[in-house]
$ cat upload-v9.pdb   # PDB, C-alpha atoms
MODEL        1
ATOM      1  CA  MET A  22       5.040  -6.368 -15.227
ATOM      2  CA  ALA A  23       4.013  -9.593 -13.491
ATOM      3  CA  GLY A  24       7.228  -9.359 -11.478
ATOM      4  CA  THR A  25       6.323  -5.991  -9.884
ATOM      5  CA  VAL A  26       4.223  -5.629  -6.734
ATOM      6  CA  VAL A  27       3.049  -2.096  -5.939
ATOM      7  CA  VAL A  28       1.903  -1.679  -2.336
ATOM      8  CA  LEU A  29       0.145   1.539  -1.377
ATOM      9  CA  ASP A  30      -0.981   3.034   1.889
ATOM     10  CA  PHE A  31      -4.427   4.643   1.549
ATOM     11  CA  ASP A  32      -4.929   7.753   3.694
ATOM     12  CA  LYS A  33      -2.797  10.711   2.520
ATOM     13  CA  THR A  34      -1.259   8.471  -0.137
ATOM     14  CA  ILE A  35      -4.072   7.475  -2.499
ATOM     15  CA  ILE A  36      -6.450  10.088  -1.086
ATOM     16  CA  GLU A  37      -5.399  13.543   0.110
ATOM     17  CA  CYS A  38      -6.596  13.302   3.705
ATOM     18  CA  ASP A  39      -7.283  10.830   6.493
ATOM     19  CA  SER A  40     -10.595   9.079   5.775
ATOM     20  CA  ASP A  41     -11.370   8.643   9.497
ATOM     21  CA  ASN A  42     -10.939  12.351  10.226
ATOM     22  CA  TRP A  43     -12.808  13.265   7.054
ATOM     23  CA  VAL A  44     -15.952  11.353   8.087
ATOM     24  CA  VAL A  45     -15.850  12.644  11.661
ATOM     25  CA  ASP A  46     -15.285  16.263  10.600
ATOM     26  CA  GLU A  47     -17.819  16.279   7.770
ATOM     27  CA  LEU A  48     -20.556  14.869  10.010
ATOM     28  CA  GLY A  49     -19.868  17.421  12.742
ATOM     29  CA  PHE A  50     -18.239  15.310  15.473
ATOM     30  CA  THR A  51     -14.760  16.842  15.599
ATOM     31  CA  ASP A  52     -15.082  18.147  19.178
ATOM     32  CA  LEU A  53     -16.097  14.763  20.578
ATOM     33  CA  PHE A  54     -13.322  13.074  18.605
ATOM     34  CA  ASN A  55     -10.692  15.462  20.015
ATOM     35  CA  GLN A  56     -12.074  14.942  23.514
ATOM     36  CA  LEU A  57     -11.804  11.139  23.281
ATOM     37  CA  LEU A  58      -8.501  11.010  21.334
ATOM     38  CA  PRO A  59      -6.177  11.030  24.398
ATOM     39  CA  THR A  60      -8.175   8.298  26.147
ATOM     40  CA  MET A  61      -7.933   5.296  23.791
ATOM     41  CA  PRO A  62      -6.057   3.772  20.822
ATOM     42  CA  TRP A  63      -7.014   5.086  17.372
ATOM     43  CA  ASN A  64      -8.712   1.881  16.193
ATOM     44  CA  THR A  65     -10.841   1.695  19.345
ATOM     45  CA  LEU A  66     -11.598   5.408  19.011
ATOM     46  CA  MET A  67     -12.956   4.968  15.480
ATOM     47  CA  ASP A  68     -15.220   2.128  16.577
ATOM     48  CA  THR A  69     -16.456   4.344  19.425
ATOM     49  CA  MET A  70     -17.019   7.276  17.043
ATOM     50  CA  MET A  71     -19.102   5.086  14.723
ATOM     51  CA  MET A  72     -21.224   4.180  17.751
ATOM     52  CA  GLU A  73     -21.657   7.867  18.573
ATOM     53  CA  LEU A  74     -22.597   8.693  14.980
ATOM     54  CA  HIS A  75     -25.232   5.969  15.021
ATOM     55  CA  ALA A  76     -26.561   7.059  18.426
ATOM     56  CA  ASN A  77     -26.994  10.581  17.031
ATOM     57  CA  GLY A  78     -28.992   9.428  14.027
ATOM     58  CA  LYS A  79     -26.228   9.377  11.385
ATOM     59  CA  THR A  80     -26.822   6.601   8.848
ATOM     60  CA  ILE A  81     -24.520   4.442   6.738
ATOM     61  CA  ASP A  82     -25.863   6.228   3.650
ATOM     62  CA  GLU A  83     -24.717   9.549   5.080
ATOM     63  CA  ILE A  84     -21.257   8.111   5.778
ATOM     64  CA  VAL A  85     -21.067   6.745   2.213
ATOM     65  CA  LYS A  86     -22.058  10.102   0.692
ATOM     66  CA  VAL A  87     -19.346  11.843   2.729
ATOM     67  CA  LEU A  88     -16.766   9.284   1.559
ATOM     68  CA  GLN A  89     -17.789   9.755  -2.075
ATOM     69  CA  ARG A  90     -16.666  13.385  -2.022
ATOM     70  CA  ILE A  91     -13.313  12.815  -0.341
ATOM     71  CA  PRO A  92     -10.474  14.861  -1.918
ATOM     72  CA  ILE A  93      -7.950  13.153  -4.209
ATOM     73  CA  HIS A  94      -5.227  14.533  -6.492
ATOM     74  CA  PRO A  95      -6.346  14.285 -10.156
ATOM     75  CA  ARG A  96      -3.223  12.324 -11.218
ATOM     76  CA  VAL A  97      -3.542   9.507  -8.664
ATOM     77  CA  VAL A  98      -6.320   7.542 -10.379
ATOM     78  CA  PRO A  99      -4.580   7.670 -13.814
ATOM     79  CA  ALA A 100      -1.344   6.513 -12.145
ATOM     80  CA  ILE A 101      -3.087   3.531 -10.560
ATOM     81  CA  LYS A 102      -4.917   2.619 -13.760
ATOM     82  CA  THR A 103      -1.692   2.805 -15.781
ATOM     83  CA  ALA A 104       0.236   0.656 -13.302
ATOM     84  CA  TYR A 105      -2.582  -1.892 -13.400
ATOM     85  CA  ALA A 106      -2.695  -1.833 -17.225
ATOM     86  CA  MET A 107       1.056  -2.472 -17.259
ATOM     87  CA  GLY A 108       0.464  -5.720 -15.380
ATOM     88  CA  CYS A 109       1.587  -4.722 -11.891
ATOM     89  CA  ASP A 110       0.140  -6.502  -8.876
ATOM     90  CA  LEU A 111      -1.407  -3.664  -6.835
ATOM     91  CA  ARG A 112      -2.196  -4.071  -3.145
ATOM     92  CA  ILE A 113      -3.283  -1.796  -0.303
ATOM     93  CA  VAL A 114      -1.977  -1.893   3.272
ATOM     94  CA  SER A 115      -3.886   0.642   5.357
ATOM     95  CA  ASP A 116      -4.930   1.417   8.916
ATOM     96  CA  ALA A 117      -8.343   2.645   7.706
ATOM     97  CA  ASN A 118     -11.169   0.086   7.364
ATOM     98  CA  THR A 119     -12.833  -2.048   4.702
ATOM     99  CA  LEU A 120     -16.039   0.007   4.323
ATOM    100  CA  PHE A 121     -14.227   3.323   3.886
ATOM    101  CA  ILE A 122     -11.681   1.965   1.401
ATOM    102  CA  ASP A 123     -14.137  -0.107  -0.661
ATOM    103  CA  THR A 124     -16.597   2.780  -0.874
ATOM    104  CA  ILE A 125     -13.961   5.256  -2.063
ATOM    105  CA  LEU A 126     -12.264   2.893  -4.534
ATOM    106  CA  LYS A 127     -15.572   1.871  -6.106
ATOM    107  CA  ASN A 128     -16.613   5.507  -6.415
ATOM    108  CA  LEU A 129     -13.296   6.250  -8.164
ATOM    109  CA  GLY A 130     -13.701   3.240 -10.461
ATOM    110  CA  ILE A 131     -10.440   1.562  -9.416
ATOM    111  CA  ARG A 132     -11.525  -1.179  -6.994
ATOM    112  CA  GLU A 133     -10.778  -3.894  -9.561
ATOM    113  CA  CYS A 134      -7.185  -2.653  -9.887
ATOM    114  CA  PHE A 135      -6.260  -4.102  -6.482
ATOM    115  CA  SER A 136      -5.699  -7.792  -5.915
ATOM    116  CA  GLU A 137      -5.696  -7.435  -2.137
ATOM    117  CA  ILE A 138      -6.708  -4.922   0.515
ATOM    118  CA  ASN A 139      -5.177  -5.322   3.965
ATOM    119  CA  THR A 140      -6.949  -3.118   6.465
ATOM    120  CA  ASN A 141      -9.024  -3.161   9.647
ATOM    121  CA  PRO A 142     -12.206  -5.203   9.116
ATOM    122  CA  SER A 143     -15.555  -3.454   9.455
ATOM    123  CA  TYR A 144     -19.171  -4.524   9.212
ATOM    124  CA  ILE A 145     -22.662  -3.088   9.590
ATOM    125  CA  THR A 146     -24.776  -4.423  12.456
ATOM    126  CA  GLU A 147     -28.483  -5.235  12.177
ATOM    127  CA  GLU A 148     -29.160  -1.904  13.875
ATOM    128  CA  GLY A 149     -27.280  -0.084  11.129
ATOM    129  CA  ARG A 150     -24.170   0.814  13.116
ATOM    130  CA  LEU A 151     -20.704   0.479  11.592
ATOM    131  CA  ARG A 152     -18.303  -1.608  13.677
ATOM    132  CA  VAL A 153     -14.541  -1.170  13.145
ATOM    133  CA  LEU A 154     -12.343  -4.012  14.402
ATOM    134  CA  PRO A 155      -8.548  -4.359  14.666
ATOM    135  CA  TYR A 156      -6.567  -6.124  11.929
ATOM    136  CA  HIS A 157      -4.480  -7.790  14.654
ATOM    137  CA  ASP A 158      -6.680  -8.520  17.655
ATOM    138  CA  SER A 159      -4.316  -7.796  20.543
ATOM    139  CA  ASN A 160      -6.606  -9.752  22.902
ATOM    140  CA  LYS A 161      -5.830 -12.931  20.935
ATOM    141  CA  TYR A 162      -2.474 -12.146  19.378
ATOM    142  CA  HIS A 163       0.187  -9.519  20.021
ATOM    143  CA  HIS A 164       2.297  -8.812  16.947
ATOM    144  CA  GLY A 165       5.275  -7.875  19.115
ATOM    145  CA  CYS A 166       6.404  -4.903  17.011
ATOM    146  CA  SER A 167       7.407  -1.818  18.999
ATOM    147  CA  LEU A 168       7.211   0.421  15.912
ATOM    148  CA  CYS A 169       3.525  -0.204  15.140
ATOM    149  CA  PRO A 170       0.175   0.356  16.907
ATOM    150  CA  PRO A 171      -1.362  -2.717  18.613
ATOM    151  CA  ASN A 172      -4.063  -3.159  15.953
ATOM    152  CA  MET A 173      -1.765  -3.405  12.907
ATOM    153  CA  CYS A 174       1.853  -4.141  12.048
ATOM    154  CA  LYS A 175       2.306  -3.322   8.372
ATOM    155  CA  GLY A 176       5.751  -4.900   8.435
ATOM    156  CA  LEU A 177       4.258  -8.317   9.199
ATOM    157  CA  ILE A 178       1.765  -7.848   6.371
ATOM    158  CA  ILE A 179       4.577  -7.073   3.932
ATOM    159  CA  GLU A 180       6.485 -10.155   5.088
ATOM    160  CA  ARG A 181       3.401 -12.316   4.509
ATOM    161  CA  ILE A 182       2.984 -10.882   1.003
ATOM    162  CA  GLN A 183       6.670 -11.444   0.278
ATOM    163  CA  ASP A 184       6.422 -15.074   1.416
ATOM    164  CA  SER A 185       3.190 -15.714  -0.487
ATOM    165  CA  ILE A 186       4.488 -14.605  -3.885
ATOM    166  CA  THR A 187       7.988 -16.094  -3.783
ATOM    167  CA  CYS A 188       7.987 -19.007  -6.186
ATOM    168  CA  GLY A 189      11.139 -20.779  -7.349
ATOM    169  CA  GLU A 190      13.935 -18.494  -8.481
ATOM    170  CA  GLU A 191      11.629 -15.681  -9.593
ATOM    171  CA  LYS A 192      12.061 -12.705  -7.266
ATOM    172  CA  LYS A 193       9.287 -10.153  -7.439
ATOM    173  CA  ARG A 194      10.252  -6.506  -7.006
ATOM    174  CA  PHE A 195       8.332  -4.285  -4.587
ATOM    175  CA  ILE A 196       7.451  -0.608  -4.806
ATOM    176  CA  TYR A 197       5.990   0.695  -1.537
ATOM    177  CA  LEU A 198       4.234   4.062  -1.239
ATOM    178  CA  GLY A 199       3.297   5.589   2.097
ATOM    179  CA  ASP A 200       3.209   8.680   4.260
ATOM    180  CA  GLY A 201       2.621   7.814   7.911
ATOM    181  CA  SER A 202       4.759   6.513  10.753
ATOM    182  CA  GLY A 203       3.049   3.136  10.316
ATOM    183  CA  ASP A 204       4.717   2.863   6.901
ATOM    184  CA  TYR A 205       8.191   2.940   8.429
ATOM    185  CA  CYS A 206       8.156  -0.653   9.679
ATOM    186  CA  PRO A 207       7.371  -2.144   6.223
ATOM    187  CA  SER A 208      10.064   0.052   4.670
ATOM    188  CA  LEU A 209      12.587  -1.839   6.817
ATOM    189  CA  ARG A 210      11.339  -5.185   5.426
ATOM    190  CA  LEU A 211      11.971  -4.287   1.778
ATOM    191  CA  LYS A 212      14.908  -5.857  -0.092
ATOM    192  CA  GLU A 213      17.834  -4.245  -1.891
ATOM    193  CA  LYS A 214      16.221  -4.352  -5.348
ATOM    194  CA  ASP A 215      12.933  -2.935  -4.061
ATOM    195  CA  PHE A 216      11.857   0.720  -4.001
ATOM    196  CA  MET A 217      10.496   2.818  -1.141
ATOM    197  CA  MET A 218       8.458   5.926  -2.013
ATOM    198  CA  PRO A 219       7.925   8.012   1.161
ATOM    199  CA  ARG A 220       5.837  11.165   0.901
ATOM    200  CA  LYS A 221       8.151  14.116   1.490
ATOM    201  CA  ASN A 222       7.737  16.053   4.758
ATOM    202  CA  PHE A 223       5.380  13.402   6.147
ATOM    203  CA  PRO A 224       6.156  11.166   9.181
ATOM    204  CA  VAL A 225       7.592   8.159   7.303
ATOM    205  CA  TRP A 226       9.910  10.430   5.299
ATOM    206  CA  GLU A 227      11.121  12.088   8.516
ATOM    207  CA  LEU A 228      11.781   8.697  10.141
ATOM    208  CA  ILE A 229      13.721   7.451   7.113
ATOM    209  CA  CYS A 230      15.761  10.672   6.966
ATOM    210  CA  LYS A 231      17.063  10.032  10.498
ATOM    211  CA  ASP A 232      19.052   7.055   9.191
ATOM    212  CA  PRO A 233      18.427   6.270   5.490
ATOM    213  CA  LEU A 234      20.936   3.397   5.567
ATOM    214  CA  LEU A 235      18.504   1.337   7.640
ATOM    215  CA  VAL A 236      16.317   1.033   4.534
ATOM    216  CA  LYS A 237      17.790  -1.466   2.074
ATOM    217  CA  ALA A 238      15.416  -0.452  -0.729
ATOM    218  CA  GLU A 239      16.157   2.421  -3.098
ATOM    219  CA  ILE A 240      14.407   5.545  -1.776
ATOM    220  CA  HIS A 241      12.430   7.926  -4.017
ATOM    221  CA  GLU A 242      10.511  10.704  -2.258
ATOM    222  CA  TRP A 243       7.395  12.292  -3.715
ATOM    223  CA  SER A 244       5.330  15.363  -2.837
ATOM    224  CA  ASP A 245       1.945  15.176  -4.587
ATOM    225  CA  GLY A 246      -0.096  13.122  -7.037
ATOM    226  CA  GLU A 247       1.774  14.442 -10.044
ATOM    227  CA  ASP A 248       5.077  13.481  -8.435
ATOM    228  CA  MET A 249       3.670  10.095  -7.479
ATOM    229  CA  GLU A 250       2.543   9.316 -11.012
ATOM    230  CA  ARG A 251       5.826  10.369 -12.598
ATOM    231  CA  ILE A 252       8.092   8.515 -10.167
ATOM    232  CA  LEU A 253       5.942   5.390  -9.884
ATOM    233  CA  LEU A 254       5.686   4.886 -13.645
ATOM    234  CA  HIS A 255       9.405   5.630 -14.023
ATOM    235  CA  LEU A 256      10.251   2.895 -11.501
ATOM    236  CA  ILE A 257       7.878   0.409 -13.134
ATOM    237  CA  ASN A 258       9.528   1.078 -16.506
ATOM    238  CA  LYS A 259      12.960   0.774 -14.897
ATOM    239  CA  ILE A 260      12.100  -2.653 -13.495
ATOM    240  CA  SER A 261      10.664  -3.676 -16.852
ATOM    241  CA  MET A 262      13.853  -2.675 -18.662
ATOM    242  CA  GLU A 263      16.079  -4.441 -16.136
ATOM    243  CA  GLU A 264      13.990  -7.609 -16.424
ATOM    244  CA  PHE A 265      14.180  -7.429 -20.229
ATOM    245  CA  ILE A 266      17.960  -7.022 -20.174
ATOM    246  CA  SER A 267      18.330  -9.851 -17.653
ATOM    247  CA  ALA A 268      16.130 -12.172 -19.711
ATOM    248  CA  ASP A 269      18.003 -11.249 -22.898
ATOM    249  CA  CYS A 270      21.352 -12.005 -21.240
ATOM    250  CA  LYS A 271      20.068 -15.384 -20.120
ATOM    251  CA  ARG A 272      18.920 -16.197 -23.648
ATOM    252  CA  GLN A 273      22.289 -15.204 -25.089
ATOM    253  CA  SER A 274      24.114 -17.256 -22.449
ATOM    254  CA  PHE A 275      21.953 -20.264 -23.219
ATOM    255  CA  SER A 276      22.556 -19.839 -26.956
ATOM    256  CA  VAL A 277      26.347 -19.654 -26.523
ATOM    257  CA  SER A 278      26.554 -22.578 -24.126
ATOM    258  CA  SER A 279      24.327 -24.685 -26.373
ATOM    259  CA  HIS A 280      26.515 -23.895 -29.391
ATOM    260  CA  GLU A 281      29.702 -24.768 -27.524
ATOM    261  CA  SER A 282      28.294 -28.105 -26.459
ATOM    262  CA  LEU A 283      27.623 -29.239 -30.039
ATOM    263  CA  PRO A 284      30.019 -31.912 -31.374
ATOM    264  CA  HIS A 285      32.614 -30.723 -33.878
ATOM    265  CA  VAL A 286      31.974 -31.745 -37.491
ATOM    266  CA  LEU A 287      34.732 -33.970 -38.843
ATOM    267  CA  PRO A 288      35.922 -33.248 -42.407
ATOM    268  CA  VAL A 289      35.149 -35.940 -44.944
ATOM    269  CA  ARG A 290      38.139 -37.125 -46.906
ATOM    270  CA  GLN A 291      37.695 -37.024 -50.612
TER     271      GLN A 291
ENDMDL
END

$ encode --input "upload-v9.pdb" --output "structure tokens"
Amino acid sequence: MAGTVVVLDFDKTIIECDSDNWVVDELGFTDLFNQLLPTMPWNTLMDTMMMELHANGKTIDEIVKVLQRIPIHPRVVPAIKTAYAMGCDLRIVSDANTLFIDTILKNLGIRECFSEINTNPSYITEEGRLRVLPYHDSNKYHHGCSLCPPNMCKGLIIERIQDSITCGEEKKRFIYLGDGSGDYCPSLRLKEKDFMMPRKNFPVWELICKDPLLVKAEIHEWSDGEDMERILLHLINKISMEEFISADCKRQSFSVSSHESLPHVLPVRQ
């Protein structure tokens, strides 16, 4: 399935919760988080919360241990491994951060399944504090999208991926899975032969339901990991079958046209 690109959001799509909230709640800083939430953008808030965790003696090892027990539906990992084994190009587009995502994927044994992870960069300072930076630094560059937060426009990321993998006449098919309002913008960038998989009763599903015709891709909602696995693998197989039929038709067309172009054999007089 080299012609299929599967793009997944991370929080509440691959895992069952928001990784930012999970770390804050599990380490006992929910009250401070709720107090600061109305005062700053989410990305800035998470960087501030990591500073507060460090100031209160919380270590990177403690953060990692919390991330390693994050909840995930039991059918999600098999679904990802199967899609990867089928030859799909799997990528992540997420408003989490590199440390959280890498830690969780490695713990689940599926980091190698993804060719690319697009998320907010993070790094550990010499003092041992985790810094979380914006994917799009609004101080240097404003992405200009009114649908997305200032730190990340997922639609622009999808467009870059689309441009980077278009080669010649081969058109790769996209399957996009997401749950949040940030996944709405990329859903509008998908093409007619692509597939959008919004999580039912989550923000992106609600936004799409307001006017489904704005999304050119074929829409397939899902509710949980079991649903995700079933629908995702069905769509991958559907693309595979359509590509097989298309390739077979091309071969037959080539065979017929080649035969018709052959010179007629003249009868030999006896």

$ residues_around --input "upload-v9.pdb" --residues "A:Glu250" --least-positions-apart "5" --cutoff "10 Å" --atoms "all atoms listed in the file" --output "list in words"
Arg96, Val97, Val98, Pro99, Ala100, Ile101, Thr103, Ala104, Trp243, Asp245 and His255 of chain A

$ atom_distance --input "upload-v9.pdb" --atom1 "atom CA of A:Leu111" --atom2 "atom CA of A:Val28"
5.9 Å

$ axis_aligned_box --input "upload-v9.pdb" --around "stretch 211-217 of chain A" --padding-each-side "3 Å" --output "lines of an AutoDock Vina configuration file"
center_x = 14.2
center_y = -1.5
center_z = -1.8
size_x = 13.3
size_y = 14.7
size_z = 13.1

$ closest_residue --input "upload-v9.pdb" --among "A:Ile36, A:Leu256, A:Leu74, A:Leu126" --to "A:Arg150" --atoms "only C-alpha atoms"
A:Leu74

$ resolve_selection --input "upload-v9.pdb" --expression "the PyMOL selection byres ((chain A and resi 225) around 8)" --output "list in words"
Gly199, Asp200, Gly201, Ser202, Gly203, Asp204, Tyr205, Pro219, Arg220, Phe223, Pro224, Trp226, Glu227, Leu228 and Ile229 of chain A
